[in-house]
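Notes follow the structure.
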Amino acid sequence: QVQLVESGGGLVQAGGSLRLACAAGGRTVLNNAVAWFRQAPGQERAFVAAIRWATGRTYYADYAEGRFTISRDNAANTVYLQMNSLEPEDTAIYYCAASTMVIPASMTAETSYAIWGQGTHVSVSS
């Protein structure tokens, strides 16, 4: 059984920080690309950040660049998303996703990721 479990969401005031974690369990091994997406109320799911497991190269949405940092812990089979300077517009359910492709055609497209977590809710108050 493949599984990804997100944690670290919660309620924070604007300007605050949160650190999300995505842990792989069961038979899931994070060895390709892993990404974070988010879905705000009434909106479609959107790309946030991604990391190539082998090289550590990172990719960010424009709104995340400079505020969010994606990182990985190989030994713990876990990916993190450090979010700083949070804004009310960052309120969303954040999903972790893992690719089964060694080199996804697109690091930002949902279709590149076959394994998804259940999501963790982030709420930022003004």
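Lettering and numbering for the structure tokens are positional, with chains as A, B, ... in the shown order, residues counted from 1 in each chain, and ligands counted from 1 in the shown order.
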Env of stretch 43-56 of chain A: 10 Å cut, atoms = only C-alpha atoms, seq-sep filter 3 positions within chain, self excluded. Answer as a count of residues only.
42
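For the choices A:Leu11, A:Val124, A:Leu4, A:Leu20, the atom-to-atom distance to A:Ser85 is smallest for A:Val124 when using only C-alpha atoms.
Considering the residues A:Ala75, A:Ala114, A:Ser7, A:Thr58 and counting only C-alpha atoms, A:Met101 has its shortest atom-to-atom contact with A:Ala114.
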In Å to one decimal, how far is atom CA of A:Glu89 from atom CA of A:Gly42?
12.5 Å
Residues of chain A in helix (DSSP H, G or I), written as a PyMOL selection string:
chain A and resi 88-90+110-112
Let's have the selection written as a JSON list (two decimals), in the first residue's frame, with C-alpha atoms.
```json
[["chain", "number", "residue", "atom", "x", "y", "z"],
["A", 88, "PRO", "CA", -4.43, 35.16, 4.39],
["A", 89, "GLU", "CA", -4.27, 34.27, 0.68],
["A", 90, "ASP", "CA", -2.18, 31.23, 1.63],
["A", 110, "GLU", "CA", -0.62, 17.50, -11.39],
["A", 111, "THR", "CA", -0.50, 14.78, -14.02],
["A", 112, "SER", "CA", 3.17, 14.18, -13.23]]
```
Of A:Ala21, A:Ala105, A:Ala14, A:Ile115, the one sitting nearest A:Leu86 when using only C-alpha atoms is A:Ala14
To one decimal place, how far is atom CA of A:Gly9 from atom CA of A:Ala23 in Å?
13.7 Å
Do you know which residues are at most 7 Å from A:Leu18 counting only C-alpha atoms, after dropping those on the same chain fewer than 6 positions away, and could you put them as a ChimeraX atom specification?
/A:8,82-84
Please produce a file of the residues just selected, as a CSV table (one decimal), in the first residue's frame, where the atoms kept are N, CA, C and O atoms.
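Result file part_37.csv:
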```
chain,number,residue,atom,x,y,z
A,8,GLY,N,1.4,19.1,10.0
A,8,GLY,CA,2.0,20.5,10.3
A,8,GLY,C,1.1,21.6,10.0
A,8,GLY,O,1.4,22.8,10.2
A,82,GLN,N,8.7,24.6,4.3
A,82,GLN,CA,8.8,25.7,5.3
A,82,GLN,C,8.1,26.9,4.7
A,82,GLN,O,8.5,27.4,3.6
A,83,MET,N,7.1,27.4,5.4
A,83,MET,CA,6.4,28.6,4.9
A,83,MET,C,6.5,29.7,5.8
A,83,MET,O,6.1,29.6,7.0
A,84,ASN,N,7.1,30.8,5.3
A,84,ASN,CA,7.3,32.0,6.1
A,84,ASN,C,6.5,33.2,5.5
A,84,ASN,O,6.0,33.1,4.4
```
Quick check for you: according to DSSP on this backbone, which residues of chain A are classed as strand (DSSP E or B)? Reply as number ranges by chain.
A: 2-7, 10-13, 18-26, 33-39, 46-52, 58-60, 68-73, 78-83, 92-98, 115-116, 120-125
Minimum-distance residue to A:His121, chosen among A:Thr91, A:Arg19, A:Gly66, A:Gln3 (using only C-alpha atoms)
A:Thr91
Separation of atom CA of A:Gly26 and atom CA of A:Glu6, in Å?
14.1 Å
